[in-house]
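Trainee: Sharing work19.cif, mmCIF, C-alpha atoms:
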data_protein
loop_
_atom_site.group_PDB
_atom_site.id
_atom_site.type_symbol
_atom_site.label_atom_id
_atom_site.label_comp_id
_atom_site.auth_asym_id
_atom_site.auth_seq_id
_atom_site.Cartn_x
_atom_site.Cartn_y
_atom_site.Cartn_z
ATOM 1 C CA MET A 1 -60.607 57.784 40.184
ATOM 2 C CA PRO A 2 -56.997 58.917 39.820
ATOM 3 C CA ARG A 3 -56.164 60.435 36.447
ATOM 4 C CA TRP A 4 -52.842 58.703 35.743
ATOM 5 C CA GLU A 5 -52.561 55.743 38.035
ATOM 6 C CA GLN A 6 -49.547 53.459 37.530
ATOM 7 C CA GLY A 7 -50.288 50.297 35.544
ATOM 8 C CA SER A 8 -53.505 51.570 33.970
ATOM 9 C CA GLU A 9 -52.834 50.071 30.535
ATOM 10 C CA GLU A 10 -52.130 46.590 31.884
ATOM 11 C CA ARG A 11 -55.180 46.721 34.162
ATOM 12 C CA MET A 12 -57.368 47.712 31.207
ATOM 13 C CA LYS A 13 -56.031 44.790 29.144
ATOM 14 C CA GLN A 14 -56.733 42.381 31.996
ATOM 15 C CA ALA A 15 -60.179 43.859 32.637
ATOM 16 C CA ALA A 16 -61.053 43.628 28.951
ATOM 17 C CA MET A 17 -60.046 39.958 28.744
ATOM 18 C CA GLN A 18 -62.005 39.190 31.908
ATOM 19 C CA LEU A 19 -65.133 40.876 30.562
ATOM 20 C CA PHE A 20 -64.736 39.389 27.084
ATOM 21 C CA GLN A 21 -64.559 35.930 28.667
ATOM 22 C CA GLN A 22 -67.476 36.525 31.034
ATOM 23 C CA GLN A 23 -69.991 38.264 28.805
ATOM 24 C CA GLY A 24 -68.594 38.059 25.284
ATOM 25 C CA PHE A 25 -66.819 40.575 23.118
ATOM 26 C CA GLU A 26 -69.919 42.193 21.599
ATOM 27 C CA ALA A 27 -71.640 42.659 24.979
ATOM 28 C CA THR A 28 -68.618 44.398 26.510
ATOM 29 C CA SER A 29 -68.221 48.172 26.286
ATOM 30 C CA ALA A 30 -65.246 50.468 26.748
ATOM 31 C CA VAL A 31 -67.091 52.034 29.705
ATOM 32 C CA GLN A 32 -67.322 48.633 31.428
ATOM 33 C CA ILE A 33 -63.639 47.937 30.792
ATOM 34 C CA ALA A 34 -62.632 51.322 32.214
ATOM 35 C CA LYS A 35 -64.832 50.845 35.271
ATOM 36 C CA LEU A 36 -63.413 47.391 36.054
ATOM 37 C CA ALA A 37 -59.859 48.701 35.543
ATOM 38 C CA ARG A 38 -60.567 51.655 37.859
ATOM 39 C CA VAL A 39 -59.873 54.355 35.266
ATOM 40 C CA THR A 40 -62.045 56.913 33.544
ATOM 41 C CA THR A 41 -63.514 56.250 30.118
ATOM 42 C CA ARG A 42 -61.430 59.180 28.894
ATOM 43 C CA THR A 43 -58.285 57.405 30.091
ATOM 44 C CA PHE A 44 -59.365 54.264 28.260
ATOM 45 C CA PHE A 45 -59.575 56.217 24.997
ATOM 46 C CA ARG A 46 -56.170 57.815 25.596
ATOM 47 C CA TYR A 47 -54.684 54.322 25.395
ATOM 48 C CA PHE A 48 -57.010 52.617 22.911
ATOM 49 C CA PRO A 49 -59.077 54.027 20.028
ATOM 50 C CA ASP A 50 -61.661 51.244 20.516
ATOM 51 C CA LYS A 51 -62.202 48.056 22.488
ATOM 52 C CA GLU A 52 -60.860 45.919 19.601
ATOM 53 C CA GLU A 53 -57.464 47.562 19.887
ATOM 54 C CA VAL A 54 -57.068 46.303 23.470
ATOM 55 C CA LEU A 55 -56.341 42.890 21.908
ATOM 56 C CA PHE A 56 -53.793 44.338 19.447
ATOM 57 C CA ALA A 57 -52.148 47.031 21.565
ATOM 58 C CA ASP A 58 -48.688 45.469 21.388
ATOM 59 C CA ALA A 59 -48.697 44.778 17.636
ATOM 60 C CA ALA A 60 -46.692 47.804 16.450
ATOM 61 C CA ALA A 61 -43.958 47.406 19.082
ATOM 62 C CA LEU A 62 -43.869 43.653 18.493
ATOM 63 C CA ASN A 63 -43.451 44.127 14.734
ATOM 64 C CA GLU A 64 -40.650 46.615 15.268
ATOM 65 C CA GLU A 65 -38.764 44.311 17.660
ATOM 66 C CA ILE A 66 -39.034 41.365 15.263
ATOM 67 C CA ILE A 67 -37.980 43.423 12.247
ATOM 68 C CA GLN A 68 -34.979 44.808 14.150
ATOM 69 C CA GLU A 69 -33.989 41.268 15.106
ATOM 70 C CA LEU A 70 -34.202 40.167 11.476
ATOM 71 C CA LEU A 71 -32.093 43.162 10.403
ATOM 72 C CA ARG A 72 -29.381 42.090 12.899
ATOM 73 C CA THR A 73 -29.216 38.558 11.443
ATOM 74 C CA ASP A 74 -25.816 37.813 9.925
ATOM 75 C CA ASP A 75 -26.576 34.911 7.566
ATOM 76 C CA LEU A 76 -29.380 35.512 5.090
ATOM 77 C CA THR A 77 -28.539 32.686 2.664
ATOM 78 C CA GLN A 78 -31.851 30.980 3.548
ATOM 79 C CA PRO A 79 -34.404 33.814 3.848
ATOM 80 C CA LEU A 80 -37.342 31.523 4.649
ATOM 81 C CA ARG A 81 -35.462 29.934 7.565
ATOM 82 C CA VAL A 82 -34.339 33.372 8.734
ATOM 83 C CA VAL A 83 -37.977 34.531 8.892
ATOM 84 C CA THR A 84 -39.219 31.448 10.750
ATOM 85 C CA ARG A 85 -36.291 31.414 13.175
ATOM 86 C CA THR A 86 -36.660 35.120 13.885
ATOM 87 C CA LEU A 87 -40.351 34.709 14.645
ATOM 88 C CA ALA A 88 -39.875 31.513 16.678
ATOM 89 C CA GLY A 89 -36.960 33.015 18.597
ATOM 90 C CA TYR A 90 -38.979 35.934 19.936
ATOM 91 C CA ASP A 91 -39.906 35.739 23.631
ATOM 92 C CA TRP A 92 -43.670 35.437 23.117
ATOM 93 C CA GLU A 93 -44.305 34.705 26.780
ATOM 94 C CA LYS A 94 -43.371 38.246 27.715
ATOM 95 C CA LEU A 95 -46.732 39.205 26.160
ATOM 96 C CA GLY A 96 -48.567 36.976 28.640
ATOM 97 C CA THR A 97 -48.975 33.387 29.697
ATOM 98 C CA ARG A 98 -49.791 30.726 27.124
ATOM 99 C CA GLU A 99 -53.248 30.435 28.651
ATOM 100 C CA VAL A 100 -53.924 34.159 28.181
ATOM 101 C CA MET A 101 -52.571 34.064 24.621
ATOM 102 C CA LEU A 102 -54.703 31.013 23.836
ATOM 103 C CA GLN A 103 -57.808 32.762 25.220
ATOM 104 C CA ARG A 104 -56.973 35.792 23.088
ATOM 105 C CA ARG A 105 -56.507 33.616 19.990
ATOM 106 C CA ARG A 106 -59.841 31.852 20.543
ATOM 107 C CA LEU A 107 -61.635 35.148 21.118
ATOM 108 C CA ILE A 108 -60.233 36.582 17.879
ATOM 109 C CA ALA A 109 -61.118 33.446 15.912
ATOM 110 C CA SER A 110 -64.724 33.615 17.138
ATOM 111 C CA ASN A 111 -65.416 37.169 15.971
ATOM 112 C CA PRO A 112 -65.295 38.245 12.294
ATOM 113 C CA ARG A 113 -64.324 41.865 13.114
ATOM 114 C CA LEU A 114 -61.483 40.743 15.345
ATOM 115 C CA LEU A 115 -60.379 38.127 12.838
ATOM 116 C CA GLU A 116 -60.261 40.763 10.111
ATOM 117 C CA ARG A 117 -58.151 43.063 12.284
ATOM 118 C CA ASP A 118 -55.865 40.157 13.184
ATOM 119 C CA LEU A 119 -55.362 39.304 9.517
ATOM 120 C CA ILE A 120 -54.481 42.937 8.809
ATOM 121 C CA LYS A 121 -51.915 42.893 11.647
ATOM 122 C CA GLN A 122 -50.464 39.622 10.328
ATOM 123 C CA HIS A 123 -50.173 41.135 6.855
ATOM 124 C CA GLN A 124 -48.449 44.199 8.305
ATOM 125 C CA MET A 125 -45.918 41.962 10.052
ATOM 126 C CA ALA A 126 -45.224 39.942 6.897
ATOM 127 C CA ASP A 127 -44.835 43.160 4.922
ATOM 128 C CA GLY A 128 -42.372 44.492 7.489
ATOM 129 C CA LEU A 129 -40.363 41.274 7.243
ATOM 130 C CA ARG A 130 -40.407 41.555 3.441
ATOM 131 C CA ARG A 131 -39.136 45.135 3.575
ATOM 132 C CA ALA A 132 -36.397 44.155 6.035
ATOM 133 C CA LEU A 133 -35.241 41.330 3.755
ATOM 134 C CA CYS A 134 -35.193 43.697 0.773
ATOM 135 C CA GLU A 135 -33.239 46.223 2.834
ATOM 136 C CA ARG A 136 -30.659 43.503 3.479
ATOM 137 C CA GLY A 137 -30.300 42.871 -0.267
ATOM 138 C CA ILE A 138 -32.640 39.944 -0.818
ATOM 139 C CA ASP A 139 -34.375 39.865 -4.226
ATOM 140 C CA PRO A 140 -37.876 41.421 -3.821
ATOM 141 C CA ASP A 141 -39.722 38.335 -5.122
ATOM 142 C CA ILE A 142 -37.760 36.021 -2.832
ATOM 143 C CA ALA A 143 -38.253 38.422 0.078
ATOM 144 C CA GLU A 144 -42.011 38.495 -0.472
ATOM 145 C CA LEU A 145 -42.276 34.729 -0.745
ATOM 146 C CA ALA A 146 -40.032 34.146 2.299
ATOM 147 C CA ALA A 147 -41.903 36.693 4.434
ATOM 148 C CA ASN A 148 -45.384 35.447 3.546
ATOM 149 C CA THR A 149 -44.563 31.732 3.653
ATOM 150 C CA GLY A 150 -42.461 32.091 6.790
ATOM 151 C CA SER A 151 -45.236 34.005 8.523
ATOM 152 C CA GLN A 152 -47.749 31.291 7.657
ATOM 153 C CA VAL A 153 -45.405 28.508 8.799
ATOM 154 C CA PHE A 154 -44.913 30.374 12.046
ATOM 155 C CA ARG A 155 -48.663 30.929 12.586
ATOM 156 C CA THR A 156 -49.198 27.179 12.277
ATOM 157 C CA ALA A 157 -46.359 26.492 14.720
ATOM 158 C CA TYR A 158 -47.598 29.178 17.113
ATOM 159 C CA ARG A 159 -51.110 27.660 17.168
ATOM 160 C CA GLN A 160 -49.651 24.199 17.863
ATOM 161 C CA TRP A 161 -47.440 25.642 20.600
ATOM 162 C CA LEU A 162 -50.366 27.382 22.309
ATOM 163 C CA GLU A 163 -52.528 24.273 22.141
ATOM 164 C CA SER A 164 -49.834 21.783 23.190
ATOM 165 C CA SER A 165 -50.059 20.203 26.613
ATOM 166 C CA ASP A 166 -46.358 19.403 26.798
ATOM 167 C CA HIS A 167 -43.587 21.938 27.089
ATOM 168 C CA THR A 168 -42.101 21.594 23.606
ATOM 169 C CA ASP A 169 -40.454 24.870 22.756
ATOM 170 C CA LEU A 170 -41.660 27.051 19.921
ATOM 171 C CA PRO A 171 -38.464 26.837 17.815
ATOM 172 C CA ALA A 172 -38.712 23.006 17.814
ATOM 173 C CA ILE A 173 -42.364 23.119 16.769
ATOM 174 C CA THR A 174 -41.502 25.644 14.056
ATOM 175 C CA GLU A 175 -38.813 23.320 12.679
ATOM 176 C CA SER A 176 -41.360 20.502 12.677
ATOM 177 C CA VAL A 177 -43.784 22.642 10.659
ATOM 178 C CA MET A 178 -40.950 23.543 8.261
ATOM 179 C CA SER A 179 -40.490 19.782 7.738
ATOM 180 C CA LEU A 180 -44.170 19.496 6.853
ATOM 181 C CA LEU A 181 -43.731 22.280 4.315
ATOM 182 C CA ALA A 182 -40.747 20.474 2.803
ATOM 183 C CA ALA A 183 -42.845 17.308 2.565
ATOM 184 C CA ILE A 184 -45.544 18.983 0.469
ATOM 185 C CA VAL A 185 -43.212 20.858 -1.882
ATOM 186 C CA PRO A 186 -41.943 18.646 -4.719
ATOM 187 C CA GLU A 187 -38.181 18.277 -4.948
ATOM 188 C CA GLU A 188 -38.166 18.658 -8.722
ATOM 189 C CA PRO A 189 -39.590 21.989 -9.857
ATOM 190 C CA VAL A 190 -42.770 21.670 -11.858
ATOM 191 C CA PRO A 191 -42.151 23.036 -15.379
ATOM 192 C CA ALA A 192 -44.083 26.162 -16.303
ATOM 193 C CA ARG A 193 -46.981 25.631 -18.666
#
Kindly return the structure encoded in the file as structure tokens.

Mentor:
Amino acid sequence: MPRWEQGSEERMKQAAMQLFQQQGFEATSAVQIAKLARVTTRTFFRYFPDKEEVLFADAAALNEEIIQELLRTDDLTQPLRVVTRTLAGYDWEKLGTREVMLQRRRLIASNPRLLERDLIKQHQMADGLRRALCERGIDPDIAELAANTGSQVFRTAYRQWLESSDHTDLPAITESVMSLLAAIVPEEPVPAR
């Protein structure tokens, strides 16, 4: 096996997904992934600390790209909309086809360890968005609420987008979910008790 063959990381991601689908996440080992990807086990661990991380390998770079996009936004008068539009405007399909992303989502949802790691990654993204809003001068409480609520709105839209059979674009679905949020929030503020 060559030590540093071109495309090793992508092959390992594909091999992992194939094995996870065929034999389940728990039954798949890093050794099996490396073998199917035609790399050494040592090479596998140079890229990934464990097999779980294969599913989250792009998270740090993804967070950074999204935060940088939010920091470049000119109009921050509606922080919640800025968060949802930034997330919806990202080119998610550069991470893989919808089918692959849907398989990944289902795999994560079916395994408590993966679900926990996914929730941690989602929290890290929301926290990064909060910090970016604060850096741009948004009140910390508003920034926290906009980042957390916007992230949740987007997760709902993202799930609908992955599961949709038509070709509705993600920004349109996100706007639809924002309308649902508006429908459940009363127009008149509820007085504090």

Trainee: Applied to this file, what does the PyMOL selection byres ((chain A and resi 159) around 10) return in terms of residues, put as a list in words?

Mentor: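 Applied to this file, the PyMOL selection byres ((chain A and resi 159) around 10) returns Met101, Leu102, Arg105, Phe154, Arg155, Thr156, Ala157, Tyr158, Gln160, Trp161, Leu162, Glu163, Ser164, Leu170 and Ile173 of chain A.
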
Trainee: Which residues match the PyMOL selection byres ((chain A and resi 58-63) around 10) in the file above, as a PyMOL selection string?

Mentor: chain A and resi 53-57+64-69+87+90+92+95+118+121-122+124-129

Trainee: Would you give the centre and edge lengths, in Å to one decimal, of a box along x, y and z around the listed atoms of segment 134-145 of chain A, with 8 Å added to each side, as AutoDock Vina command-line options?

Mentor:
--center_x -36.3 --center_y 40.5 --center_z -0.8 --size_x 28.0 --size_y 27.5 --size_z 24.6

Trainee: Please evaluate the PyMOL selection byres ((chain A and resi 143) around 9) against the displayed coordinates and give the resulting residues as an MDAnalysis selection string.

Mentor: chainID A and resid 79:80 129:134 138:142 144:148

Trainee: How many Å separate atom CA of Ser165 of chain A from atom CA of Glu52 of chain A?

Mentor: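 Computing it gives 28.8 Å between the two atoms.
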
Trainee: What is the distance, in Å and to one decimal place, between atom CA of Arg46 of chain A and atom CA of Leu119 of chain A?

Mentor: 24.5 Å

Trainee: Quick check, in Å to one decimal: how far apart do atom CA of Ser176 of chain A and atom CA of Leu114 of chain A lie?

Mentor: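 Those two atoms sit 28.7 Å apart.
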
Trainee: Using all atoms listed in the file for the distances, tell me which of A:Arg85, A:Asp50, A:Gln14, A:Pro112 is nearest to Ser29 of chain A.

Mentor: A:Asp50

Trainee: Would you mind telling me which residue in A:Leu71, A:Phe44, A:Gly150, A:Met17 lies nearest to Gly96 of chain A when using all atoms listed in the file?

Mentor: A:Met17

Trainee: Fewer than 5 positions away in the same chain doesn't count, so skip those; otherwise give me all residues within 12 Å of segment 47-49 of chain A, counting all atoms listed in the file, as a short mmCIF file (atom, residue, chain, number, x, y, z; two decimals) with C-alpha atoms, keeping the file's coordinate frame.

Mentor:
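Everything below was put into selection-v9.cif:
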data_model
loop_
_atom_site.label_atom_id
_atom_site.label_comp_id
_atom_site.auth_asym_id
_atom_site.auth_seq_id
_atom_site.Cartn_x
_atom_site.Cartn_y
_atom_site.Cartn_z
CA TRP A 4 -52.84 58.70 35.74
CA GLY A 7 -50.29 50.30 35.54
CA SER A 8 -53.50 51.57 33.97
CA GLU A 9 -52.83 50.07 30.54
CA GLU A 10 -52.13 46.59 31.88
CA ARG A 11 -55.18 46.72 34.16
CA MET A 12 -57.37 47.71 31.21
CA LYS A 13 -56.03 44.79 29.14
CA ALA A 16 -61.05 43.63 28.95
CA ALA A 30 -65.25 50.47 26.75
CA ILE A 33 -63.64 47.94 30.79
CA ALA A 34 -62.63 51.32 32.21
CA VAL A 39 -59.87 54.36 35.27
CA THR A 40 -62.04 56.91 33.54
CA THR A 41 -63.51 56.25 30.12
CA ARG A 42 -61.43 59.18 28.89
CA VAL A 54 -57.07 46.30 23.47
CA LEU A 55 -56.34 42.89 21.91
CA PHE A 56 -53.79 44.34 19.45
CA ALA A 57 -52.15 47.03 21.56
CA ASP A 58 -48.69 45.47 21.39
#

Trainee: Measuring atom to atom with only C-alpha atoms, identify which of A:Val82, A:Lys35, A:Arg98, A:Ala15 is nearest to Asp169 of chain A.

Mentor: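 Smallest distance to Asp169 of chain A is found for A:Arg98.
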
Trainee: Need a file for segment 78-157 of chain A from that block: C-alpha atoms, written as a PDB file, in the first residue's frame.

Mentor:
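That gives us out30.pdb:
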ATOM      1  CA  GLN A  78     -32.224  41.384  11.688  1.00  0.00           C
ATOM      2  CA  PRO A  79     -29.703  39.011  13.317  1.00  0.00           C
ATOM      3  CA  LEU A  80     -32.007  35.975  13.227  1.00  0.00           C
ATOM      4  CA  ARG A  81     -32.561  36.359   9.471  1.00  0.00           C
ATOM      5  CA  VAL A  82     -28.837  36.921   8.963  1.00  0.00           C
ATOM      6  CA  VAL A  83     -28.076  33.604  10.701  1.00  0.00           C
ATOM      7  CA  THR A  84     -30.678  31.615   8.758  1.00  0.00           C
ATOM      8  CA  ARG A  85     -29.758  33.185   5.419  1.00  0.00           C
ATOM      9  CA  THR A  86     -26.058  32.613   6.016  1.00  0.00           C
ATOM     10  CA  LEU A  87     -26.650  28.954   6.814  1.00  0.00           C
ATOM     11  CA  ALA A  88     -29.128  28.432   3.958  1.00  0.00           C
ATOM     12  CA  GLY A  89     -26.870  30.239   1.495  1.00  0.00           C
ATOM     13  CA  TYR A  90     -23.938  27.894   2.029  1.00  0.00           C
ATOM     14  CA  ASP A  91     -23.253  25.440  -0.809  1.00  0.00           C
ATOM     15  CA  TRP A  92     -24.084  22.276   1.146  1.00  0.00           C
ATOM     16  CA  GLU A  93     -23.892  20.087  -1.942  1.00  0.00           C
ATOM     17  CA  LYS A  94     -20.151  20.584  -2.139  1.00  0.00           C
ATOM     18  CA  LEU A  95     -20.002  18.262   0.898  1.00  0.00           C
ATOM     19  CA  GLY A  96     -21.686  15.484  -1.086  1.00  0.00           C
ATOM     20  CA  THR A  97     -24.893  14.587  -2.840  1.00  0.00           C
ATOM     21  CA  ARG A  98     -28.208  14.930  -1.034  1.00  0.00           C
ATOM     22  CA  GLU A  99     -28.459  11.149  -0.962  1.00  0.00           C
ATOM     23  CA  VAL A 100     -25.085  10.817   0.785  1.00  0.00           C
ATOM     24  CA  MET A 101     -25.965  13.590   3.244  1.00  0.00           C
ATOM     25  CA  LEU A 102     -29.327  11.960   3.961  1.00  0.00           C
ATOM     26  CA  GLN A 103     -27.621   8.596   4.586  1.00  0.00           C
ATOM     27  CA  ARG A 104     -25.186  10.337   6.922  1.00  0.00           C
ATOM     28  CA  ARG A 105     -28.037  12.072   8.771  1.00  0.00           C
ATOM     29  CA  ARG A 106     -29.943   8.800   9.212  1.00  0.00           C
ATOM     30  CA  LEU A 107     -26.824   6.998  10.414  1.00  0.00           C
ATOM     31  CA  ILE A 108     -26.149   9.703  13.010  1.00  0.00           C
ATOM     32  CA  ALA A 109     -29.769   9.710  14.188  1.00  0.00           C
ATOM     33  CA  SER A 110     -29.674   5.935  14.713  1.00  0.00           C
ATOM     34  CA  ASN A 111     -26.647   5.891  17.017  1.00  0.00           C
ATOM     35  CA  PRO A 112     -26.568   7.630  20.433  1.00  0.00           C
ATOM     36  CA  ARG A 113     -22.778   8.212  20.342  1.00  0.00           C
ATOM     37  CA  LEU A 114     -22.960   9.768  16.899  1.00  0.00           C
ATOM     38  CA  LEU A 115     -26.008  11.808  17.844  1.00  0.00           C
ATOM     39  CA  GLU A 116     -24.184  13.158  20.885  1.00  0.00           C
ATOM     40  CA  ARG A 117     -21.181  14.146  18.772  1.00  0.00           C
ATOM     41  CA  ASP A 118     -23.484  15.752  16.203  1.00  0.00           C
ATOM     42  CA  LEU A 119     -25.211  17.794  18.902  1.00  0.00           C
ATOM     43  CA  ILE A 120     -21.818  18.964  20.165  1.00  0.00           C
ATOM     44  CA  LYS A 121     -20.838  20.027  16.623  1.00  0.00           C
ATOM     45  CA  GLN A 122     -24.165  21.848  16.214  1.00  0.00           C
ATOM     46  CA  HIS A 123     -23.595  23.658  19.505  1.00  0.00           C
ATOM     47  CA  GLN A 124     -20.090  24.631  18.394  1.00  0.00           C
ATOM     48  CA  MET A 125     -21.503  26.098  15.183  1.00  0.00           C
ATOM     49  CA  ALA A 126     -24.194  28.066  17.028  1.00  0.00           C
ATOM     50  CA  ASP A 127     -21.585  29.341  19.473  1.00  0.00           C
ATOM     51  CA  GLY A 128     -19.368  30.455  16.597  1.00  0.00           C
ATOM     52  CA  LEU A 129     -22.301  32.309  15.043  1.00  0.00           C
ATOM     53  CA  ARG A 130     -23.036  33.939  18.411  1.00  0.00           C
ATOM     54  CA  ARG A 131     -19.431  35.090  18.771  1.00  0.00           C
ATOM     55  CA  ALA A 132     -19.428  36.457  15.214  1.00  0.00           C
ATOM     56  CA  LEU A 133     -22.612  38.441  15.883  1.00  0.00           C
ATOM     57  CA  CYS A 134     -21.120  39.834  19.097  1.00  0.00           C
ATOM     58  CA  GLU A 135     -17.947  40.736  17.211  1.00  0.00           C
ATOM     59  CA  ARG A 136     -20.106  42.721  14.790  1.00  0.00           C
ATOM     60  CA  GLY A 137     -21.657  44.672  17.678  1.00  0.00           C
ATOM     61  CA  ILE A 138     -24.861  42.754  18.317  1.00  0.00           C
ATOM     62  CA  ASP A 139     -26.020  42.686  21.961  1.00  0.00           C
ATOM     63  CA  PRO A 140     -24.799  39.391  23.542  1.00  0.00           C
ATOM     64  CA  ASP A 141     -28.299  38.243  24.570  1.00  0.00           C
ATOM     65  CA  ILE A 142     -29.704  38.961  21.112  1.00  0.00           C
ATOM     66  CA  ALA A 143     -26.691  37.289  19.500  1.00  0.00           C
ATOM     67  CA  GLU A 144     -27.171  34.153  21.589  1.00  0.00           C
ATOM     68  CA  LEU A 145     -30.882  33.963  20.869  1.00  0.00           C
ATOM     69  CA  ALA A 146     -30.399  34.636  17.134  1.00  0.00           C
ATOM     70  CA  ALA A 147     -27.598  32.068  16.815  1.00  0.00           C
ATOM     71  CA  ASN A 148     -29.402  29.304  18.703  1.00  0.00           C
ATOM     72  CA  THR A 149     -32.847  29.925  17.210  1.00  0.00           C
ATOM     73  CA  GLY A 150     -31.452  30.447  13.722  1.00  0.00           C
ATOM     74  CA  SER A 151     -29.460  27.231  13.953  1.00  0.00           C
ATOM     75  CA  GLN A 152     -32.561  25.300  14.996  1.00  0.00           C
ATOM     76  CA  VAL A 153     -34.677  26.855  12.229  1.00  0.00           C
ATOM     77  CA  PHE A 154     -31.982  25.910   9.758  1.00  0.00           C
ATOM     78  CA  ARG A 155     -31.712  22.313  11.044  1.00  0.00           C
ATOM     79  CA  THR A 156     -35.446  21.898  10.473  1.00  0.00           C
ATOM     80  CA  ALA A 157     -35.157  23.366   6.973  1.00  0.00           C
TER      81      ALA A 157
END
